[in-house]
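Step one of this worksheet: look at the structure below.
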Amino acid sequence: MQRFFDVFFSGLAIVVLAPLMLPIMLILRLTGEGEIFYRQTRVGQGGEHFALLKFATMLKDSPNIGPGEITLKEDPRILPLGKFLRKTKLNELPQLINILKGDLSVVGPRPQVPNTFAQYPEAAKQDIGRVRPGLSGVGSIVFRDEERYLDNQEDPHTFYREVIIPYKAELERWYVRNQSLRVYFEVILLTIWVILFPSSRMPWRVWKDLPEPPEALRGAS
């Protein structure tokens with residue numbers, strides 16, 4: 001049933017959002033480095049790799065510049081239009097195509113790049129690999145503005161590896177344990193809610209047993 005809603009929502013969204021996506025594509029072609037889409041290898045269901053689509057928001061060679069695969073709050077690699085697209089999450093819209101293809105669901109654990117996924121605890125990798133990754137999910141909602149947690153960290157890579165990854169893994173495992181159509185629609189509604197109200201603790205009000213962030217993340221936020 002979830003796959004039915006995935007195809008229905010993604011197909012409808014592409015049609016409805018075409019008047020927004022087409023001007024973005026034109027502007028990207030005429031500005032920055034002229035790239036429209038960014039394709040990045042991510043880990044999908046069963047550990048299979050796929051090409052995740054996004055609107056291009058950063059310099060082409062970004063993974064090999066500066067902090068590499070993590071993005072900081074005021075990252076100089078972000079293109080002028082890219083900052084707006086990332087803030088509003090419009091850069092994620094091309095992933096509607098990934099959903100139609102079956103690479104993604106509308107809701108699921110956020111797919112990670114192979115190097116990052118390899119750092120997840122083994123039990124978490126096995127649990128997360130059981131389900132189709134998502135455009136949004138519990139981890140995406142909680143880490144809706146991930147860059148702010150890395151801001152002012154002396155060693156953002158170590159902080160990401162030792163603090164963010166373990167907590168994000170627990171959030172995604174929570175989703176796998178509680179996966180249902182009810183949670184599917186709750187995630188969709190909460191995704192919209194936290195975009196409008198970024199500081200809201202609504203996820204913990206809706207999901208009473210959702211893991212609380214560790215002290216290091218509360219202090220970093």
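Residue numbering restarts at 1 for every chain of the structure tokens, chains are lettered A, B, ... in their displayed order, and ligands are numbered from 1 as they appear.
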
What are the nearest atom pairs, with distances in Å to one decimal, for all residues of region 156-186 of chain A that come at most 9 Å from region 127-135 of chain A, using only C-alpha atoms, set out by chain and rising residue number as JSON lines?
{"residue": "A:Ala169", "atom": "CA", "partner": "A:Ile128", "partner_atom": "CA", "distance": 8.3}
{"residue": "A:Glu172", "atom": "CA", "partner": "A:Ile128", "partner_atom": "CA", "distance": 6.7}
{"residue": "A:Arg173", "atom": "CA", "partner": "A:Asp127", "partner_atom": "CA", "distance": 6.3}
{"residue": "A:Tyr175", "atom": "CA", "partner": "A:Ile128", "partner_atom": "CA", "distance": 8.9}
{"residue": "A:Val176", "atom": "CA", "partner": "A:Ile128", "partner_atom": "CA", "distance": 6.8}
{"residue": "A:Arg177", "atom": "CA", "partner": "A:Asp127", "partner_atom": "CA", "distance": 8.6}

| Long-range neighbours of Pro80 (chain A) as a list in words, 10 Å cut-off, only C-alpha atoms, 3 positions minimum in chain | Thr31, Gly32, Thr57, Met58, Pro76, Arg77, Lys83, Phe84 and Leu85 of chain A

Keeping only N, CA, C and O atoms, take the residues you just selected and write them out as a PDB file, in the first residue's frame.
ATOM      1  N   THR A  31      23.163  30.066 -14.583  1.00  0.00           N
ATOM      2  CA  THR A  31      23.990  30.635 -13.509  1.00  0.00           C
ATOM      3  C   THR A  31      24.930  29.576 -12.949  1.00  0.00           C
ATOM      4  O   THR A  31      24.910  28.422 -13.366  1.00  0.00           O
ATOM      5  N   GLY A  32      25.733  30.006 -11.976  1.00  0.00           N
ATOM      6  CA  GLY A  32      26.647  29.079 -11.314  1.00  0.00           C
ATOM      7  C   GLY A  32      27.561  28.399 -12.314  1.00  0.00           C
ATOM      8  O   GLY A  32      28.204  29.040 -13.141  1.00  0.00           O
ATOM      9  N   THR A  57      23.383  22.572  -6.090  1.00  0.00           N
ATOM     10  CA  THR A  57      23.451  23.717  -5.173  1.00  0.00           C
ATOM     11  C   THR A  57      24.892  24.063  -4.800  1.00  0.00           C
ATOM     12  O   THR A  57      25.123  25.087  -4.162  1.00  0.00           O
ATOM     13  N   MET A  58      25.853  23.215  -5.184  1.00  0.00           N
ATOM     14  CA  MET A  58      27.239  23.422  -4.786  1.00  0.00           C
ATOM     15  C   MET A  58      28.160  23.290  -5.992  1.00  0.00           C
ATOM     16  O   MET A  58      27.739  22.844  -7.076  1.00  0.00           O
ATOM     17  N   PRO A  76      31.333  27.729   1.879  1.00  0.00           N
ATOM     18  CA  PRO A  76      31.642  28.562   0.708  1.00  0.00           C
ATOM     19  C   PRO A  76      31.454  27.843  -0.619  1.00  0.00           C
ATOM     20  O   PRO A  76      31.475  28.484  -1.679  1.00  0.00           O
ATOM     21  N   ARG A  77      31.239  26.530  -0.594  1.00  0.00           N
ATOM     22  CA  ARG A  77      31.045  25.780  -1.838  1.00  0.00           C
ATOM     23  C   ARG A  77      29.626  25.915  -2.373  1.00  0.00           C
ATOM     24  O   ARG A  77      29.349  25.527  -3.509  1.00  0.00           O
ATOM     25  N   LYS A  83      21.877  28.262  -1.797  1.00  0.00           N
ATOM     26  CA  LYS A  83      21.537  28.516  -0.398  1.00  0.00           C
ATOM     27  C   LYS A  83      20.026  28.568  -0.212  1.00  0.00           C
ATOM     28  O   LYS A  83      19.489  27.994   0.749  1.00  0.00           O
ATOM     29  N   PHE A  84      19.337  29.228  -1.128  1.00  0.00           N
ATOM     30  CA  PHE A  84      17.875  29.311  -1.053  1.00  0.00           C
ATOM     31  C   PHE A  84      17.241  27.941  -1.280  1.00  0.00           C
ATOM     32  O   PHE A  84      16.326  27.543  -0.558  1.00  0.00           O
ATOM     33  N   LEU A  85      17.739  27.219  -2.262  1.00  0.00           N
ATOM     34  CA  LEU A  85      17.177  25.904  -2.561  1.00  0.00           C
ATOM     35  C   LEU A  85      17.353  24.949  -1.391  1.00  0.00           C
ATOM     36  O   LEU A  85      16.450  24.168  -1.069  1.00  0.00           O
TER      37      LEU A  85
END

| field | Among the residues A:Val7, A:Pro114, A:Ile14, A:Leu90, the one that comes closest to Gln40 (chain A) [using only C-alpha atoms] | value |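 Among the listed residues, A:Pro114 lies closest to Gln40 (chain A).
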
| task | Tell me, in Å to one decimal, how far CA of Val43 (chain A) is from CA of Leu181 (chain A). | result |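 According to the coordinates, CA of Val43 (chain A) and CA of Leu181 (chain A) are separated by 23.4 Å.
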
| said: List as a list in words the protein and nucleic acid residues near Leu53 (chain A), meaning an atom at most 7 Å away when only C-alpha atoms are counted, but skip any in the same chain fewer than 5 places from it. | reply: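 Neighbouring residues, sequence-local ones excluded: Phe37, Tyr38, Arg39, Gln40, Pro94 and Gln95 of chain A.
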
N, CA, C and O atoms of the current selection, written as an mmCIF file, in the first residue's frame:
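Output file again19.cif follows:
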data_model
loop_
_atom_site.group_PDB
_atom_site.id
_atom_site.type_symbol
_atom_site.label_atom_id
_atom_site.label_comp_id
_atom_site.auth_asym_id
_atom_site.auth_seq_id
_atom_site.Cartn_x
_atom_site.Cartn_y
_atom_site.Cartn_z
ATOM 1 N N PHE A 37 21.316 19.219 -12.470
ATOM 2 C CA PHE A 37 21.171 18.136 -11.502
ATOM 3 C C PHE A 37 22.520 17.711 -10.924
ATOM 4 O O PHE A 37 23.548 17.774 -11.599
ATOM 5 N N TYR A 38 22.454 17.274 -9.689
ATOM 6 C CA TYR A 38 23.605 16.673 -9.035
ATOM 7 C C TYR A 38 23.241 15.229 -8.733
ATOM 8 O O TYR A 38 22.207 14.954 -8.105
ATOM 9 N N ARG A 39 24.048 14.309 -9.204
ATOM 10 C CA ARG A 39 23.810 12.877 -8.978
ATOM 11 C C ARG A 39 24.831 12.360 -7.980
ATOM 12 O O ARG A 39 26.028 12.496 -8.212
ATOM 13 N N GLN A 40 24.334 11.766 -6.913
ATOM 14 C CA GLN A 40 25.231 11.290 -5.859
ATOM 15 C C GLN A 40 24.890 9.839 -5.518
ATOM 16 O O GLN A 40 23.724 9.486 -5.350
ATOM 17 N N PRO A 94 13.944 16.954 -7.355
ATOM 18 C CA PRO A 94 14.211 15.931 -8.382
ATOM 19 C C PRO A 94 14.134 14.500 -7.861
ATOM 20 O O PRO A 94 14.012 13.557 -8.651
ATOM 21 N N GLN A 95 14.164 14.329 -6.546
ATOM 22 C CA GLN A 95 14.072 12.977 -5.993
ATOM 23 C C GLN A 95 12.676 12.377 -6.182
ATOM 24 O O GLN A 95 12.466 11.186 -5.948
#

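The residue set within 12 Å of Leu217 (chain A), counting only C-alpha atoms and dropping same-chain residues fewer than 6 places from it, reads Val142, Phe143, Glu146, Glu147, Arg148, Tyr149, Leu150, Asp151, Gln153, Phe159, Tyr160, Glu162, Val163, Ile164, Ile165, Pro166, Tyr167 and Lys168 of chain A.
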
| task | Can you pull out every residue within 10 Å of Ile195 (chain A), counting only C-alpha atoms, but drop anything in the same chain fewer than 4 positions away, and send it as a list in words? | result |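 Counting only C-alpha atoms, the residues come to Lys87, Thr88, Lys89, Ile141, Arg144, Asp145, Leu190, Thr191, Ser199 and Ser200 of chain A.
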
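Closest approach to Ala124 (chain A) among A:Glu170, A:Asp6, A:Glu92, A:Asp155: A:Glu170, based on only C-alpha atoms.
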
| Distance CA of Asn98 (chain A)-CA of Met1 (chain A), one decimal place? |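 Answer for the CA of Asn98 (chain A) to CA of Met1 (chain A) separation: 18.0 Å.
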